[in-house]
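Written below as structure tokens is the structure these notes are about.
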Amino acid sequence: MTDNVVPLFKEPPTQEPTTPLAVVPEPSGKPRPARVFVRTRRAVAGVVRHERTRHAARLTVRHGSYLVGGTRVVTRRAWDGRTGARYERLLRAAEAAGNYEAAGEWEERLHRFRTERHKRRMDLISAPQDLAKSAAVGAATGIGGLLAVGVALAIATKDPGDVITPLMALIELIRLLVVIVQMVWGPLVAIGPWLALAGLWAVGRQRATAPQWALPEGKRSDDAGAPITPSIVVTALRDLGIAPLRNAIKEMGDAGAAMLGPIRIAGCGVEVDVTLPSGVSTEEVQTRRKKLAENLARHEHEVFISIPEAARTVRLWIADSGALDEPIGPSPLVTDETMTADYTKGRAPWGQDLRGDAATISLYQRHMLITGLSNQGRTASLRALALWLALDRRVEMRIADLKGVGDWAMFDGIATVLIQGPTDDHVIDATEMVEGLVEEMERRIQAPPGTKFDPLIGIVDEAQVAFMCPAVGEDKRPYGGSKATSRYFMAVRKIHNQGRAVDVLLWEGTQDPTDQNLPKLVREGAHTRASLVLGTESQARMALGDKAIDGGAAPHLLRQGLDKGTVVVASDGIKIPAGQPSITVRTHFIDDDDAKTIAQRAKSLRDGVTTLTAVEPTETAVDALADIDRVLGGEPRLLTQEVLHRLAALNPGEYREWTFSDLRQVLEVAGAPPRKSDGRMVVDGLRVADALARRAAETPESDAE
């Protein structure tokens with residue numbers, strides 16, 4: 001029974017004791033105020049960087065600049081109109097430009113302006129008295145006239161009161177005008193200042209006095225390709241960052257253009273001479289070519305700076321935007337199948353100068369060097385001249401192509417020697433070819449005076465391969481290098497020294513010049529020096545010489561890959577503008593197919609030329625160390641100068657041009673350098689004999705045989 005009794009009140013269920021909640025500490029790091037500051041800073045930065053904020057800032061600056069600039073323009077105009085400031089600015093500009101005739105004229109105009117202004121001011125002293133007298137006379141005349149009209153009216157109407165009717169009508173008109181002025185004056189005074197501000201704003205907007213960054217995207221001026229005007233040139237010069245130039249232009253005011261000569265159309269651009277003010281050197285402007293081009297809204301390659309004959313003057317040639325990226329026409333060698341060549345009096349068509357005029361060059365008795373980076377059109381530029389010269393049947397050519405990819409293959413049947421390949425064996429053949437030129441040169445020199453010879457042109461393309469060749473001949477003389485023992489180097493020097501006189505010439509094409517692959521004596525021996533794009537100014541100086549680079553030549557500023565075939569030429573064989581040491585030529589490109597066609601025309605002018613692909617070794621190679629031992633004659637020592645004299649007497653063709661440096665190089669290589677004896681340089685006979693003995697011991701028996 002008791003088990004079924006249901007209790008009236010249930011006891012609450014027993015609850016297990018709960019663990020009090022633990023207080024989780026805030027993450028370690030910045031305290032709460034710092035986090036609030038960071039959030040605030042980020043929010044403020046976001047607002048500042050928001051496009052709407054930027055738009056509002058540009059809007060404010062733009063219209064504020066319009067107002068300030070307009071006020072400045074109007075004030076300047078008013079000041080110029082009331083004072084002689086304009087004449088004074090023009091006077092200073094003429095003096096700065098050295099134009100004293102114009103300065104005298106502006107001074108005369110300034111004096112005339114001041115005289116007339118003084119006269120006007122003196123007239124103002126008597127103006128009130130004259131005005132009062134004129135007013136009294138005018139009033140009396142007017143009233144008298146109105147009364148006369150009133151009398152006539154009264155007679156006509158027979159009413160005496162009409163005598164004053166015209167006068168009363170005038171008085172009523174005056175009262176009406178006063179009422180109108182009273183009604184308009186208040187609003188006019190209220191809106192007048194705003195109208196003035198609007199006028200100033202309009203002037204500033206018209207003159208574009210706001211900065212470019214503040215203008216709307218769609219309305220920002222794009223000066224790229226804009227015509228070159230005097231104001232653009234002056235502004236570009238002013239903003240070059242040259243303080244004396246900027247200050248001088250600022251003093252000249254609007255007459256800064258007085259520095260400029262006439263802007264002349266020159267081919268696909270314009271040319272202008274700029275006379276720099278005192279304190280500004282031409283070099284300072286030259287070194288800022290890139291910034292000047294940007295100020296003129298041009299690319300760097302579209303602005304050329306040269307130094308003309310006039311003192312303190314730079315000549316700017318500014319291309320039309322994009323004009324230099326357009327190709328030039330084909331070569332006349334391609335378009336004119338009847339063209340022939342004349343080595344003596346003719347000029348080879350090479351391309352166009354920057355003016356767009358034909359650039360032709362004389363090759364008569366001129367050694368040539370053309371260099372540049374790889375794959376920039378050097379071989380094509382050199383080959384174009386050789387193709388023209390091949391059309392003169394008198395000219396004999398001997399060619400060594402040390403690249404060997406067929407660029408000169410079309411001269412097979414034209415050249416008497418054609419070597420093609422980059423190996424040491426090809427360099428040996430090329431060296432022997434050049435030594436053959438030396439042998440022919442010496443034969444011609446020794447011929448009776450007045451003897452006429454046909455031109456003989458040696459061409460070595462990729463000549464840097466020859467200079468860097470490590471091969472050594474049986475006589476222990478290296479083929480490459482730039483020392484007196486180098487066979488190729490010495491042969492080139494001999495041709496440079498005397499070949500021109502007997503029409504034995506050497507043309508060389510090299511790439512990426514250095515002192516090692518293009519020795520100083522070789523590059524300075526060329527009469528015509530041309531360079532395509534180069535990497536550095538130091539390379540440009542190697543290619544063209546210091547004078548050309550200091551005068552504005554800049555092959556290192558040409559664009560690699562984009563200015564292929566563009567050469568900077570320093571030569572007396574090409575027409576160069578007066579005062580300039582070089583000229584930039586965009587050469588015609590003649591592709592292989594056209595080159596073969598021209599070569600066929602050249603072959604048809606000749607009588608079956610047999611082309612050799614190698615040259616038999618010349619027998620003129622000398623053993624300099626053995627010759628030195630020979631001239632010593634067993635003496636223990638001999639003055640170096642006496643050794644040179646005896647060598648020249650022994651073999652004039654070989655040793656006539658030797659210097660002490662050449663002698664020292666041979667002896668140092670052999671291990672028997674000159675030494676001092678009693679304060680003078682001598683050659684030690686024992687050292688020379690020991691060097692010969694060592695060389696004989698090192699020479700294999702097969703070689704000795």
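Note on naming: chains are A, B, ... as they come in the structure tokens, residues start from 1 per chain, ligands start from 1 in the order shown.
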Which parts of region 372-560 of chain A does DSSP call strand (DSSP E) when run on the backbone here, written out as a list in words?
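Strand (DSSP E) assignments inside region 372-560 of chain A correspond to Gly372, Glu396, Met397, Arg398, Ile399, Ala400, Asp401, Val417, Leu418, Ile419, Gln420, Leu456, Ile457, Gly458, Ile459, Val460, Asp461, Val504, Leu505, Leu506, Trp507, Glu508, Gly509, Thr510, Gln511, Thr528, Arg529, Ala530 and Ser531 of chain A.
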Please produce an output containing C-alpha atoms for each residue in the selection, written as a short mmCIF file (atom, residue, chain, number, x, y, z; two decimals), in the first residue's frame.
data_model
loop_
_atom_site.label_atom_id
_atom_site.label_comp_id
_atom_site.auth_asym_id
_atom_site.auth_seq_id
_atom_site.Cartn_x
_atom_site.Cartn_y
_atom_site.Cartn_z
CA GLY A 372 78.05 47.79 -81.35
CA GLU A 396 89.75 43.91 -104.92
CA MET A 397 88.26 42.54 -101.71
CA ARG A 398 89.62 40.06 -99.19
CA ILE A 399 87.07 39.12 -96.53
CA ALA A 400 87.30 37.21 -93.26
CA ASP A 401 83.93 36.51 -91.60
CA VAL A 417 89.70 35.63 -100.38
CA LEU A 418 86.63 34.63 -98.36
CA ILE A 419 87.21 33.04 -94.95
CA GLN A 420 84.12 31.99 -93.00
CA LEU A 456 92.60 46.63 -102.10
CA ILE A 457 90.07 46.37 -99.26
CA GLY A 458 90.45 43.91 -96.40
CA ILE A 459 87.31 43.27 -94.33
CA VAL A 460 87.36 41.43 -90.99
CA ASP A 461 83.94 40.98 -89.43
CA VAL A 504 95.37 49.24 -99.05
CA LEU A 505 92.56 49.64 -96.53
CA LEU A 506 91.17 47.63 -93.63
CA TRP A 507 87.57 47.57 -92.42
CA GLU A 508 86.79 45.93 -89.10
CA GLY A 509 83.51 45.07 -87.44
CA THR A 510 83.50 44.22 -83.74
CA GLN A 511 80.95 43.81 -80.98
CA THR A 528 85.73 56.34 -90.13
CA ARG A 529 84.38 55.21 -86.78
CA ALA A 530 80.76 54.16 -86.43
CA SER A 531 78.82 52.70 -83.55
#
Closest of A:Ala649, A:Leu296, A:Ile370, A:Ile307 to Ser571 (chain A) - atom-to-atom distances counting only C-alpha atoms
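Among the listed residues, A:Ile370 lies closest to Ser571 (chain A).
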Can you work out which one of A:Glu172, A:Glu294, A:Glu101, A:Glu283 has the shortest atom-to-atom distance to Asp550 (chain A), counting only C-alpha atoms?
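The closest residue to Asp550 (chain A) is A:Glu283.
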Counting only C-alpha atoms, which residues in region 222-322 of chain A sit no more than 12 Å from region 583-602 of chain A? For each one, give the nearest pair of atoms and the distance in Å, sorted by chain then residue number, as a tab-separated table.
residue	atom	partner	partner_atom	distance
A:His301	CA	A:Thr584	CA	11.6
A:Val303	CA	A:Thr584	CA	12.0
A:Phe304	CA	A:Thr584	CA	9.5
A:Ile305	CA	A:Ile583	CA	11.3
A:Ser306	CA	A:Ile583	CA	9.7
A:Ile307	CA	A:Ile583	CA	11.9
A:Trp317	CA	A:Thr584	CA	11.4
Just the residues within 8 Å of Tyr343 (chain A), please, counting only C-alpha atoms, with nothing from its chain fewer than 6 positions along; format it as a list in words.
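In the requested form, the answer reads Ser362, Leu363, Tyr364, Leu389, Asp392, Val395 and Pro455 of chain A.
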I need the residue nearest Ala696 (chain A) from this list: A:Pro244, A:Ile174, A:Glu474, A:Val149. Use only C-alpha atoms for the distance.
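Of A:Pro244, A:Ile174, A:Glu474, A:Val149, the one nearest Ala696 (chain A), counting only C-alpha atoms, is A:Glu474.
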With a distance cut-off of 12 Å and only C-alpha atoms, select the neighbouring residues of Phe113 (chain A), excluding the residue or stretch itself and same-chain residues fewer than 4 positions from it, and output the selection as a PyMOL selection string.
chain A and resi 80-88+106-109+117-120
Writer output for current selection, N, CA and C atoms, as a short mmCIF file (atom, residue, chain, number, x, y, z; two decimals), in the first residue's frame:
data_model
loop_
_atom_site.label_atom_id
_atom_site.label_comp_id
_atom_site.auth_asym_id
_atom_site.auth_seq_id
_atom_site.Cartn_x
_atom_site.Cartn_y
_atom_site.Cartn_z
N ASP A 80 51.67 95.52 -65.73
CA ASP A 80 52.37 95.76 -66.98
C ASP A 80 51.78 96.94 -67.74
N GLY A 81 50.46 97.09 -67.65
CA GLY A 81 49.81 98.18 -68.36
C GLY A 81 50.07 99.54 -67.74
N ARG A 82 50.30 99.58 -66.43
CA ARG A 82 50.48 100.87 -65.75
C ARG A 82 51.94 101.26 -65.56
N THR A 83 52.85 100.28 -65.71
CA THR A 83 54.27 100.56 -65.46
C THR A 83 55.09 100.14 -66.67
N GLY A 84 56.38 100.37 -66.56
CA GLY A 84 57.29 99.96 -67.63
C GLY A 84 57.91 98.59 -67.39
N ALA A 85 57.27 97.76 -66.53
CA ALA A 85 57.84 96.45 -66.19
C ALA A 85 58.04 95.57 -67.43
N ARG A 86 57.07 95.62 -68.33
CA ARG A 86 57.17 94.78 -69.53
C ARG A 86 58.39 95.16 -70.36
N TYR A 87 58.61 96.44 -70.54
CA TYR A 87 59.76 96.89 -71.32
C TYR A 87 61.07 96.53 -70.62
N GLU A 88 61.08 96.63 -69.29
CA GLU A 88 62.29 96.30 -68.54
C GLU A 88 62.63 94.82 -68.66
N TRP A 106 64.52 98.44 -77.10
CA TRP A 106 63.59 98.36 -75.97
C TRP A 106 63.83 99.50 -74.97
N GLU A 107 65.09 99.92 -74.83
CA GLU A 107 65.36 101.04 -73.93
C GLU A 107 64.73 102.33 -74.47
N GLU A 108 64.79 102.49 -75.78
CA GLU A 108 64.17 103.66 -76.39
C GLU A 108 62.65 103.64 -76.19
N ARG A 109 62.04 102.47 -76.36
CA ARG A 109 60.60 102.35 -76.15
C ARG A 109 60.23 102.63 -74.70
N ARG A 117 53.80 108.87 -70.28
CA ARG A 117 53.10 108.74 -69.00
C ARG A 117 53.25 110.01 -68.17
N HIS A 118 54.44 110.60 -68.18
CA HIS A 118 54.64 111.85 -67.45
C HIS A 118 53.77 112.96 -68.01
N LYS A 119 53.64 112.98 -69.33
CA LYS A 119 52.79 114.00 -69.96
C LYS A 119 51.33 113.83 -69.55
N ARG A 120 50.89 112.55 -69.50
CA ARG A 120 49.50 112.31 -69.08
C ARG A 120 49.28 112.74 -67.64
#
So which residues touch Ile263 (chain A) within 12 Å, counting only C-alpha atoms, skipping near sequence neighbours fewer than 2 positions away, as a list in words?
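Here the answer would be Pro227, Ile228, Thr229, Pro230, Ser231, Ile232, Val233, Ala257, Met259, Leu260, Gly261, Ile265, Ala266, Gly269, Val270, Glu271, Val272, Asp273, Val274, Arg315, Leu316, Trp317 and Ile318 of chain A.
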Separation of CA of Ile549 (chain A) from CA of Met368 (chain A), in Å and rounded to one decimal:
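Going from CA of Ile549 (chain A) over to CA of Met368 (chain A), I get 18.1 Å.
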